[in-house]
file run.txt (compact mmCIF, C-alpha atoms and all ligand atoms)
# COMPACT_ATOMS: atom_id res chain seq x y z
CA MET B 1 -41.11 -71.01 187.47
CA SER B 2 -39.03 -69.25 184.77
CA ILE B 3 -37.16 -70.67 181.80
CA LEU B 4 -34.80 -68.55 179.75
CA TYR B 5 -34.05 -69.46 176.12
CA ARG B 6 -30.74 -68.00 174.96
CA SER B 7 -29.94 -69.85 171.79
CA ASP B 8 -30.63 -69.95 168.05
CA ALA B 9 -32.75 -66.78 167.61
CA PRO B 10 -34.65 -67.74 164.42
CA ARG B 11 -36.05 -70.80 166.18
CA ALA B 12 -36.98 -69.06 169.42
CA ALA B 13 -40.57 -68.43 168.31
CA ALA B 14 -41.19 -72.14 167.75
CA TRP B 15 -39.89 -72.92 171.26
CA ALA B 16 -41.98 -70.13 172.82
CA THR B 17 -45.14 -71.29 171.01
CA PHE B 18 -44.66 -74.87 172.17
CA PHE B 19 -44.22 -73.83 175.81
CA ALA B 20 -47.16 -71.40 175.69
CA GLU B 21 -49.43 -74.15 174.38
CA ASN B 22 -48.16 -77.08 176.44
CA ALA B 23 -46.84 -75.62 179.68
CA PRO B 24 -48.77 -72.42 180.50
CA ASP B 25 -47.64 -72.75 184.14
CA LEU B 26 -44.04 -72.08 183.04
CA ASP B 27 -42.85 -68.54 182.36
CA PHE B 28 -40.90 -69.00 179.09
CA ARG B 29 -38.63 -66.05 178.27
CA VAL B 30 -36.54 -65.42 175.19
CA TRP B 31 -33.22 -63.60 175.36
CA PRO B 32 -32.70 -60.60 175.37
CA ASP B 33 -36.17 -60.13 177.00
CA ALA B 34 -34.97 -62.02 180.05
CA GLY B 35 -36.81 -60.02 182.71
CA ASN B 36 -35.54 -60.35 186.26
CA LEU B 37 -32.59 -62.78 186.11
CA ASP B 38 -33.07 -63.62 189.80
CA GLU B 39 -36.17 -65.60 188.78
CA VAL B 40 -34.59 -67.81 186.10
CA GLU B 41 -34.47 -71.47 187.16
CA TYR B 42 -33.87 -73.24 183.83
CA LEU B 43 -31.54 -72.01 181.10
CA ILE B 44 -31.56 -73.31 177.52
CA ALA B 45 -28.38 -72.12 175.87
CA TRP B 46 -25.69 -72.88 173.31
CA GLN B 47 -22.97 -70.60 174.64
CA ALA B 48 -23.38 -69.81 178.34
CA PRO B 49 -20.71 -67.26 179.36
CA ALA B 50 -19.38 -67.66 182.90
CA ASP B 51 -20.46 -64.16 183.98
CA PHE B 52 -23.96 -64.85 182.69
CA ILE B 53 -24.26 -68.10 184.68
CA ALA B 54 -23.02 -66.19 187.73
CA ALA B 55 -25.87 -63.70 187.21
CA LEU B 56 -28.51 -66.45 187.65
CA PRO B 57 -28.65 -67.07 191.43
CA ARG B 58 -31.63 -69.49 191.28
CA LEU B 59 -30.49 -71.55 188.29
CA LYS B 60 -31.42 -75.22 188.74
CA VAL B 61 -30.46 -76.85 185.40
CA LEU B 62 -28.37 -75.80 182.40
CA PHE B 63 -29.72 -77.33 179.19
CA SER B 64 -27.44 -77.23 176.16
CA SER B 65 -29.49 -76.62 173.04
CA GLY B 66 -27.14 -78.93 171.09
CA ALA B 67 -26.03 -82.57 171.29
CA GLY B 68 -22.40 -81.73 172.08
CA ILE B 69 -21.28 -80.20 175.34
CA ASP B 70 -17.65 -79.32 174.61
CA HIS B 71 -18.49 -75.60 174.26
CA VAL B 72 -19.59 -75.41 177.91
CA ASP B 73 -17.02 -74.39 180.52
CA PHE B 74 -17.96 -76.82 183.30
CA SER B 75 -15.98 -74.82 185.86
CA ALA B 76 -18.30 -71.83 185.28
CA VAL B 77 -21.32 -73.91 186.32
CA PRO B 78 -21.62 -74.57 190.08
CA GLU B 79 -21.30 -78.28 190.97
CA HIS B 80 -24.89 -78.59 192.20
CA ILE B 81 -26.32 -77.52 188.82
CA PRO B 82 -26.84 -80.44 186.43
CA ILE B 83 -25.66 -79.88 182.84
CA VAL B 84 -27.83 -81.61 180.27
CA ARG B 85 -27.22 -82.08 176.56
CA MET B 86 -29.84 -82.44 173.86
CA VAL B 87 -30.90 -85.96 172.95
CA GLU B 88 -33.79 -85.71 170.52
CA PRO B 89 -35.02 -87.44 167.34
CA GLY B 90 -34.45 -84.40 165.10
CA ILE B 91 -30.71 -84.44 165.79
CA ILE B 92 -30.53 -88.22 165.37
CA ASN B 93 -32.44 -88.21 162.06
CA GLY B 94 -30.34 -85.36 160.69
CA MET B 95 -27.11 -87.17 161.49
CA VAL B 96 -28.36 -90.45 160.03
CA GLU B 97 -29.29 -88.63 156.79
CA TYR B 98 -25.97 -86.80 156.52
CA VAL B 99 -23.81 -89.84 157.21
CA SER B 100 -25.87 -92.11 154.92
CA LEU B 101 -25.57 -89.54 152.12
CA SER B 102 -21.82 -89.22 152.68
CA VAL B 103 -21.16 -92.95 152.85
CA LEU B 104 -23.25 -93.64 149.75
CA ALA B 105 -21.61 -90.76 147.85
CA LEU B 106 -18.19 -92.24 148.62
CA HIS B 107 -19.29 -95.81 148.00
CA ARG B 108 -20.81 -94.90 144.60
CA ASP B 109 -17.94 -92.57 143.55
CA PHE B 110 -20.15 -89.49 143.23
CA PHE B 111 -17.24 -87.12 143.85
CA ASP B 112 -15.36 -88.72 140.94
CA TYR B 113 -18.36 -88.18 138.67
CA VAL B 114 -18.62 -84.53 139.75
CA GLU B 115 -14.99 -84.13 138.63
CA MET B 116 -15.69 -85.96 135.35
CA GLN B 117 -18.66 -83.75 134.58
CA ALA B 118 -16.34 -80.73 134.49
CA THR B 119 -14.61 -82.20 131.42
CA GLY B 120 -17.49 -84.18 129.96
CA ALA B 121 -15.69 -87.46 130.69
CA TRP B 122 -17.83 -90.61 130.36
CA ASP B 123 -15.85 -93.08 132.42
CA PRO B 124 -17.92 -95.67 134.29
CA LEU B 125 -16.17 -96.92 137.42
CA GLU B 126 -16.57 -100.40 138.82
CA VAL B 127 -19.48 -100.69 141.28
CA PRO B 128 -18.57 -103.00 144.15
CA PRO B 129 -21.45 -104.35 146.27
CA ALA B 130 -22.00 -102.70 149.65
CA SER B 131 -21.05 -106.01 151.27
CA ALA B 132 -17.52 -105.48 149.92
CA ARG B 133 -17.16 -102.19 151.82
CA SER B 134 -16.46 -101.97 155.54
CA ILE B 135 -17.60 -98.93 157.49
CA GLY B 136 -16.07 -98.10 160.88
CA VAL B 137 -17.79 -95.80 163.36
CA MET B 138 -15.80 -94.23 166.21
CA GLY B 139 -18.16 -93.58 169.11
CA MET B 140 -21.10 -95.93 169.57
CA GLY B 141 -23.29 -93.50 171.47
CA VAL B 142 -26.76 -92.25 170.58
CA LEU B 143 -25.68 -91.03 167.14
CA GLY B 144 -23.10 -93.71 166.32
CA ARG B 145 -25.57 -96.51 166.99
CA ALA B 146 -28.34 -94.83 164.98
CA VAL B 147 -25.95 -94.42 162.04
CA LEU B 148 -24.83 -98.06 162.24
CA GLU B 149 -28.45 -99.25 162.31
CA ARG B 150 -29.27 -97.33 159.14
CA LEU B 151 -26.09 -98.34 157.31
CA GLU B 152 -26.94 -101.96 157.99
CA THR B 153 -29.99 -101.65 155.74
CA TYR B 154 -27.67 -101.02 152.74
CA GLY B 155 -25.71 -104.20 153.42
CA PHE B 156 -22.32 -102.69 154.35
CA ARG B 157 -19.94 -104.57 156.60
CA LEU B 158 -19.97 -102.68 159.89
CA ARG B 159 -17.63 -102.14 162.81
CA GLY B 160 -17.76 -99.85 165.79
CA TRP B 161 -15.18 -98.62 168.27
CA ASN B 162 -16.09 -97.33 171.72
CA ARG B 163 -14.60 -96.41 175.10
CA SER B 164 -16.57 -99.05 177.01
CA PRO B 165 -17.46 -102.38 175.39
CA ARG B 166 -20.70 -102.42 173.39
CA GLN B 167 -22.62 -105.12 171.59
CA MET B 168 -24.72 -104.58 168.50
CA ALA B 169 -26.21 -107.14 166.14
CA GLN B 170 -24.43 -107.17 162.74
CA VAL B 171 -21.62 -104.92 164.03
CA GLU B 172 -18.10 -106.08 164.87
CA CYS B 173 -17.42 -104.21 168.10
CA PHE B 174 -14.05 -102.97 169.40
CA ALA B 175 -13.32 -101.16 172.65
CA GLY B 176 -10.55 -99.11 174.18
CA ALA B 177 -7.16 -97.92 173.03
CA ASP B 178 -5.82 -101.49 172.65
CA GLN B 179 -8.40 -102.32 169.99
CA LEU B 180 -8.17 -99.11 168.01
CA GLN B 181 -5.58 -100.40 165.54
CA PRO B 182 -7.43 -103.65 164.61
CA PHE B 183 -10.63 -101.62 164.28
CA LEU B 184 -8.97 -99.17 161.89
CA ALA B 185 -7.24 -101.87 159.86
CA GLY B 186 -10.61 -103.06 158.57
CA SER B 187 -12.37 -99.70 158.04
CA ASP B 188 -12.67 -98.58 154.40
CA ILE B 189 -14.73 -95.56 155.42
CA LEU B 190 -14.04 -94.13 158.88
CA ILE B 191 -16.69 -92.01 160.60
CA CYS B 192 -15.90 -89.95 163.71
CA LEU B 193 -18.87 -89.56 166.03
CA LEU B 194 -16.95 -89.10 169.26
CA PRO B 195 -17.55 -86.34 171.78
CA LEU B 196 -14.71 -83.85 172.07
CA THR B 197 -12.84 -84.50 175.32
CA GLU B 198 -9.24 -84.29 176.52
CA THR B 199 -8.83 -87.91 175.40
CA THR B 200 -10.35 -87.57 171.95
CA ALA B 201 -8.90 -84.19 170.87
CA GLY B 202 -6.51 -84.73 167.95
CA ILE B 203 -7.44 -88.41 167.67
CA LEU B 204 -7.74 -88.26 163.86
CA ASP B 205 -4.02 -88.01 163.27
CA HIS B 206 -1.18 -89.53 161.29
CA LYS B 207 -1.21 -92.71 163.42
CA VAL B 208 -4.90 -93.33 162.82
CA PHE B 209 -4.70 -92.56 159.09
CA SER B 210 -1.68 -94.86 158.64
CA ALA B 211 -3.61 -97.71 160.29
CA LEU B 212 -6.49 -97.41 157.78
CA PRO B 213 -6.35 -99.50 154.59
CA ARG B 214 -4.87 -97.72 151.58
CA GLY B 215 -7.61 -95.88 149.70
CA ALA B 216 -9.80 -95.40 152.79
CA SER B 217 -11.90 -92.26 153.29
CA VAL B 218 -12.71 -90.28 156.42
CA ILE B 219 -15.91 -88.54 157.49
CA ASN B 220 -15.65 -86.20 160.48
CA VAL B 221 -19.00 -85.27 161.97
CA GLY B 222 -17.72 -85.09 165.56
CA ARG B 223 -15.87 -81.86 166.23
CA GLY B 224 -13.18 -79.96 164.33
CA PRO B 225 -10.47 -80.40 167.00
CA HIS B 226 -10.72 -84.19 166.65
CA LEU B 227 -8.74 -83.76 163.43
CA VAL B 228 -5.08 -82.86 162.95
CA ASP B 229 -5.50 -80.90 159.71
CA GLY B 230 -1.92 -81.22 158.44
CA ASP B 231 -1.91 -85.00 159.00
CA LEU B 232 -5.06 -85.34 156.90
CA ILE B 233 -3.64 -83.31 154.03
CA GLU B 234 -0.44 -85.36 154.14
CA ALA B 235 -2.38 -88.65 154.09
CA LEU B 236 -4.46 -87.43 151.13
CA ASP B 237 -1.51 -86.05 149.19
CA SER B 238 0.49 -89.26 149.66
CA GLN B 239 -2.51 -91.10 148.15
CA HIS B 240 -2.88 -93.20 151.31
CA LEU B 241 -6.37 -91.76 151.87
CA SER B 242 -8.86 -91.19 149.03
CA ARG B 243 -11.19 -88.52 150.32
CA ALA B 244 -12.38 -86.66 153.39
CA ILE B 245 -15.80 -85.24 154.15
CA LEU B 246 -15.66 -82.68 156.95
CA ASP B 247 -18.78 -81.20 158.50
CA VAL B 248 -16.83 -79.77 161.41
CA THR B 249 -13.60 -77.78 161.38
CA ASP B 250 -11.28 -75.92 163.71
CA PRO B 251 -11.92 -73.03 163.74
CA GLU B 252 -15.51 -72.52 162.67
CA PRO B 253 -16.21 -70.78 160.39
CA LEU B 254 -13.28 -72.21 158.44
CA PRO B 255 -11.26 -69.18 157.17
CA PRO B 256 -11.41 -68.67 153.36
CA GLU B 257 -7.63 -69.17 153.07
CA HIS B 258 -7.67 -72.60 154.75
CA PRO B 259 -6.26 -75.31 152.41
CA PHE B 260 -9.29 -77.58 152.98
CA TRP B 261 -11.41 -75.26 150.80
CA ARG B 262 -9.23 -75.81 147.76
CA HIS B 263 -8.11 -79.41 148.27
CA PRO B 264 -9.59 -81.47 145.42
CA ARG B 265 -10.37 -84.42 147.66
CA VAL B 266 -11.77 -82.63 150.70
CA PHE B 267 -15.46 -81.82 150.84
CA VAL B 268 -16.48 -79.29 153.51
CA THR B 269 -19.94 -78.49 154.83
CA PRO B 270 -20.52 -75.73 157.42
CA HIS B 271 -21.47 -77.78 160.50
CA VAL B 272 -24.90 -78.72 159.20
CA ALA B 273 -24.93 -82.51 159.61
CA SER B 274 -27.70 -82.27 162.16
CA MET B 275 -29.44 -79.55 164.10
CA THR B 276 -31.78 -79.40 167.04
CA GLN B 277 -35.34 -79.28 165.73
CA PRO B 278 -37.72 -77.31 167.99
CA GLN B 279 -40.70 -79.51 167.02
CA THR B 280 -39.06 -82.62 168.44
CA ALA B 281 -36.68 -81.05 170.97
CA ALA B 282 -39.12 -78.81 172.88
CA PRO B 283 -41.34 -81.72 174.05
CA ILE B 284 -38.26 -83.60 175.25
CA LEU B 285 -36.92 -80.58 177.08
CA LEU B 286 -40.30 -79.98 178.74
CA ASP B 287 -40.37 -83.64 179.77
CA ASN B 288 -36.90 -83.20 181.28
CA ILE B 289 -38.08 -80.14 183.26
CA ARG B 290 -41.02 -82.14 184.59
CA LYS B 291 -38.63 -84.96 185.52
CA HIS B 292 -36.45 -82.48 187.38
CA GLN B 293 -39.47 -81.12 189.24
CA ARG B 294 -40.36 -84.70 190.30
CA GLY B 295 -36.76 -85.49 191.25
CA GLU B 296 -36.34 -88.13 188.49
CA PRO B 297 -33.16 -88.77 186.41
CA LEU B 298 -32.69 -86.42 183.44
CA LEU B 299 -32.22 -87.56 179.84
CA GLY B 300 -28.82 -86.44 178.51
CA LEU B 301 -27.24 -85.69 181.89
CA ILE B 302 -23.53 -84.91 181.53
CA ASP B 303 -20.91 -86.70 183.61
CA ARG B 304 -18.49 -83.90 184.48
CA GLU B 305 -15.65 -86.32 185.26
CA ARG B 306 -15.94 -88.10 181.88
CA GLY B 307 -16.35 -84.77 180.08
CA TYR B 308 -19.43 -85.72 178.01
P1 LIG Q 401 -22.99 -89.87 173.16
O1 LIG Q 401 -24.32 -90.56 173.14
O2 LIG Q 401 -22.52 -89.27 174.44
O3 LIG Q 401 -21.93 -90.92 172.63
C1 LIG Q 401 -20.57 -90.74 172.67
C2 LIG Q 401 -19.92 -92.12 172.48
O4 LIG Q 401 -18.52 -91.93 172.32
C3 LIG Q 401 -20.15 -93.04 173.68
O5 LIG Q 401 -20.57 -94.30 173.22
C4 LIG Q 401 -18.78 -93.08 174.34
O6 LIG Q 401 -18.44 -94.30 174.98
C5 LIG Q 401 -17.85 -92.86 173.15
N1 LIG Q 401 -16.57 -92.33 173.61
C6 LIG Q 401 -16.33 -91.27 174.41
N2 LIG Q 401 -15.02 -91.09 174.62
C7 LIG Q 401 -14.41 -92.09 173.93
C8 LIG Q 401 -13.05 -92.47 173.76
N3 LIG Q 401 -12.05 -91.81 174.37
N4 LIG Q 401 -12.78 -93.55 173.00
C9 LIG Q 401 -13.77 -94.26 172.41
N5 LIG Q 401 -15.09 -93.94 172.53
C10 LIG Q 401 -15.40 -92.87 173.29
O7 LIG Q 401 -22.95 -88.72 172.07
P2 LIG Q 401 -23.78 -88.61 170.69
O8 LIG Q 401 -25.12 -88.05 170.93
O9 LIG Q 401 -23.67 -89.91 169.98
O10 LIG Q 401 -22.93 -87.48 169.94
C11 LIG Q 401 -21.56 -87.68 169.62
C12 LIG Q 401 -20.95 -86.37 169.16
O11 LIG Q 401 -21.43 -86.02 167.87
C13 LIG Q 401 -21.28 -85.14 169.99
O12 LIG Q 401 -20.49 -85.08 171.15
C14 LIG Q 401 -20.95 -84.01 169.03
O13 LIG Q 401 -19.60 -83.64 169.18
C15 LIG Q 401 -21.16 -84.64 167.66
N6 LIG Q 401 -22.30 -84.03 166.96
C16 LIG Q 401 -22.07 -83.38 165.78
C17 LIG Q 401 -23.14 -82.80 165.09
C18 LIG Q 401 -22.93 -82.12 163.76
O14 LIG Q 401 -23.85 -81.48 163.26
N7 LIG Q 401 -21.80 -82.30 163.14
C19 LIG Q 401 -24.44 -82.86 165.61
C20 LIG Q 401 -24.63 -83.53 166.80
C21 LIG Q 401 -23.56 -84.11 167.48
P3 LIG Q 401 -19.17 -94.85 176.32
O15 LIG Q 401 -20.28 -95.73 175.83
O16 LIG Q 401 -18.11 -95.59 177.04
O17 LIG Q 401 -19.65 -93.65 177.10
call {"tool": "encode", "arguments": {"input": "run.txt", "output": "structure tokens"}}
result
Amino acid sequence: MSILYRSDAPRAAAWATFFAENAPDLDFRVWPDAGNLDEVEYLIAWQAPADFIAALPRLKVLFSSGAGIDHVDFSAVPEHIPIVRMVEPGIINGMVEYVSLSVLALHRDFFDYVEMQATGAWDPLEVPPASARSIGVMGMGVLGRAVLERLETYGFRLRGWNRSPRQMAQVECFAGADQLQPFLAGSDILICLLPLTETTAGILDHKVFSALPRGASVINVGRGPHLVDGDLIEALDSQHLSRAILDVTDPEPLPPEHPFWRHPRVFVTPHVASMTQPQTAAPILLDNIRKHQRGEPLLGLIDRERGY
């Protein structure tokens, strides 16, 4: 039984060690030392080029090494091969940290104080209680719910928007296109944690920004193509929006000449909000392989029709 790891090279050793110690019956290979490709049954990959998938005649499952799946060309993967994304505590914790840090930095005006430090300005701003600030999360999936749970501990007012209706204690829940506008109207800080699909591409646009309260801020930790860049800059420059924190951009890396780099109220990080952690991800992936061997449902199975 062969598994091929073709992903983040610096972390390959940690994956290989885990499998050697915990699943000696499995032949764990690391790209480019793939051996005979005819023997590979499980592939762990970030990018999986179509011609490479075609070169694996015995492939049984394609595991994405990341939480998102938008980089995978479903049409290149034969219908009978399940595509599975990564659902693991390391990714969840990383996202909860990043979003908490971002929300608190906005809530407590840290970006204003960074600007003031440049001129030595001592100008205390009013500190509203967290209960006076409403945070809206788009996408109440694994990550959106984890973020909402953590933000609740700070006392923010919370709302979530999702494709299908959801219920969460202490969260005002909205669902579907009809309820997007009322959801936005009460979101002082908007967080995008949607998957990138045909429906959600370009969703962070002029219409969405106009529906937010004046002075609102936006955090995009979904995918770069969720955002219409020009619409964001316009909303910031017209003073309708206060700030934007972008962990994802289109394209990535963001070219040095892109206006986001120099905009005084845009803060960019290079897609680091959360990353798959081998220590927590490898046991979950092994568990998924065992499930597949027993014919049980897989954690993180993608619905090809839905697109995520
Ligand atoms: P998930 O568990 O699949 O959750 C996605 C949620 O979005 C689901 O609740 C889904 O609704 C909702 N949704 C999908 N399409 C929608 C639409 N058209 N309108 C409203 N809601 C919609 O995914 P996740 O694990 O939370 O991850 C979310 C995304 O975060 C990933 O796809 C990835 O793009 C991004 N991400 C970014 C980083 C980073 O470092 N920046 C790291 C990890 C993940 P249903 O309940 O109806 O299915």
call {"tool": "residues_near_ligand", "arguments": {"input": "run.txt", "ligand": "ligand LIG 401 (chain Q)", "cutoff": "6 Å", "atoms": "only C-alpha atoms and all ligand atoms", "output": "list in words"}}
result
Ala67, Gly68, Gly139, Met140, Gly141, Val142, Leu143, Gly144, Asn162, Arg163, Ser164, Leu193, Leu194, Pro195, Leu196, Thr199, Thr200, Val221, Gly222, Arg223, Asp247, Val248, His271, Val272, Ala273, Ser274, Met275 and Tyr308 of chain B
call {"tool": "residues_near_point", "arguments": {"input": "run.txt", "point": "(-31.0, -67.8, 170.9)", "cutoff": "10 Å", "atoms": "all atoms listed in the file", "output": "JSON, numbers by chain"}}
result
{"B": [4, 5, 6, 7, 8, 9, 10, 11, 12, 13, 30, 31, 32, 44, 45, 46, 47, 65]}
call {"tool": "atom_distance", "arguments": {"input": "run.txt", "atom1": "CA of Pro89 in chain B", "atom2": "CA of Met168 in chain B"}}
result
20.0 Å
call {"tool": "residues_around", "arguments": {"input": "run.txt", "residues": "Glu172 in chain B", "least_positions_apart": "6", "cutoff": "12 Å", "atoms": "only C-alpha atoms", "output": "PyMOL selection string"}}
result
chain B and resi 134-137+140+148+152+156-162+165-166+179+182-184+186-187
call {"tool": "closest_residue", "arguments": {"input": "run.txt", "among": "B:Gly35, B:Pro256, B:Gly176, B:Pro49", "to": "His71 in chain B", "atoms": "only C-alpha atoms"}}
result
B:Pro49
call {"tool": "closest_residue", "arguments": {"input": "run.txt", "among": "B:Ser100, B:Gln293, B:Ser238, B:Asn288", "to": "Val84 in chain B", "atoms": "all atoms listed in the file"}}
result
B:Asn288
call {"tool": "closest_residue", "arguments": {"input": "run.txt", "among": "B:Leu301, B:Val114, B:Val266, B:Leu204", "to": "Ile245 in chain B", "atoms": "only C-alpha atoms"}}
result
B:Val266
call {"tool": "atom_distance", "arguments": {"input": "run.txt", "atom1": "CA of Ala76 in chain B", "atom2": "CA of Arg294 in chain B"}}
result
26.0 Å
call {"tool": "atom_distance", "arguments": {"input": "run.txt", "atom1": "CA of Pro278 in chain B", "atom2": "CA of Glu149 in chain B"}}
result
24.5 Å
call {"tool": "closest_atom_pairs", "arguments": {"input": "run.txt", "of": "range 212-308 of chain B", "to": "range 103-108 of chain B", "cutoff": "10 Å", "atoms": "all atoms listed in the file", "output": "CSV"}}
result
residue,atom,partner,partner_atom,distance
B:Ala216,CA,B:Leu106,CA,9.9
B:Ser217,CA,B:Leu106,CA,7.8
B:Val218,CA,B:Val103,CA,9.6
B:Ile219,CA,B:Val103,CA,8.3
B:Ser242,CA,B:Leu106,CA,9.4
B:Arg243,CA,B:Leu106,CA,8.1
B:Ala244,CA,B:Leu106,CA,9.4
B:Ile245,CA,B:Leu106,CA,9.2
call {"tool": "residues_around", "arguments": {"input": "run.txt", "residues": "Trp261 in chain B", "least_positions_apart": "3", "cutoff": "12 Å", "atoms": "all atoms listed in the file", "output": "compact mmCIF listing (two decimals) with C-alpha atoms, keeping the file's coordinate frame"}}
result
# COMPACT_ATOMS: atom_id res chain seq x y z
CA ILE B 233 -3.64 -83.31 154.03
CA ALA B 244 -12.38 -86.66 153.39
CA ILE B 245 -15.80 -85.24 154.15
CA LEU B 246 -15.66 -82.68 156.95
CA THR B 249 -13.60 -77.78 161.38
CA PRO B 253 -16.21 -70.78 160.39
CA LEU B 254 -13.28 -72.21 158.44
CA PRO B 255 -11.26 -69.18 157.17
CA PRO B 256 -11.41 -68.67 153.36
CA GLU B 257 -7.63 -69.17 153.07
CA HIS B 258 -7.67 -72.60 154.75
CA PRO B 264 -9.59 -81.47 145.42
CA ARG B 265 -10.37 -84.42 147.66
CA VAL B 266 -11.77 -82.63 150.70
CA PHE B 267 -15.46 -81.82 150.84
CA VAL B 268 -16.48 -79.29 153.51
CA THR B 269 -19.94 -78.49 154.83
CA PRO B 270 -20.52 -75.73 157.42
call {"tool": "axis_aligned_box", "arguments": {"input": "run.txt", "around": "range 94-97 of chain B", "padding_each_side": "8 Å", "output": "lines of an AutoDock Vina configuration file"}}
result
center_x = -28.7
center_y = -87.9
center_z = 159.1
size_x = 19.2
size_y = 21.1
size_z = 20.7
call {"tool": "closest_residue", "arguments": {"input": "run.txt", "among": "B:Asp27, B:Asp303, B:Glu115, B:Glu198", "to": "Ile81 in chain B", "atoms": "all atoms listed in the file"}}
result
B:Asp303
call {"tool": "residues_near_point", "arguments": {"input": "run.txt", "point": "(-45.8, -74.8, 181.7)", "cutoff": "12 Å", "atoms": "all atoms listed in the file", "output": "list of chain:residue names"}}
result
B:Met1, B:Ser2, B:Ile3, B:Ala16, B:Thr17, B:Phe18, B:Phe19, B:Ala20, B:Glu21, B:Asn22, B:Ala23, B:Pro24, B:Asp25, B:Leu26, B:Asp27, B:Phe28, B:Arg29, B:Ala282, B:Pro283, B:Leu285, B:Leu286, B:Asp287, B:Ile289, B:Arg290, B:Gln293
call {"tool": "residues_around", "arguments": {"input": "run.txt", "residues": "range 225-231 of chain B", "least_positions_apart": "4", "cutoff": "6 Å", "atoms": "all atoms listed in the file", "output": "MDAnalysis selection string"}}
result
chainID B and resid 201:206 250
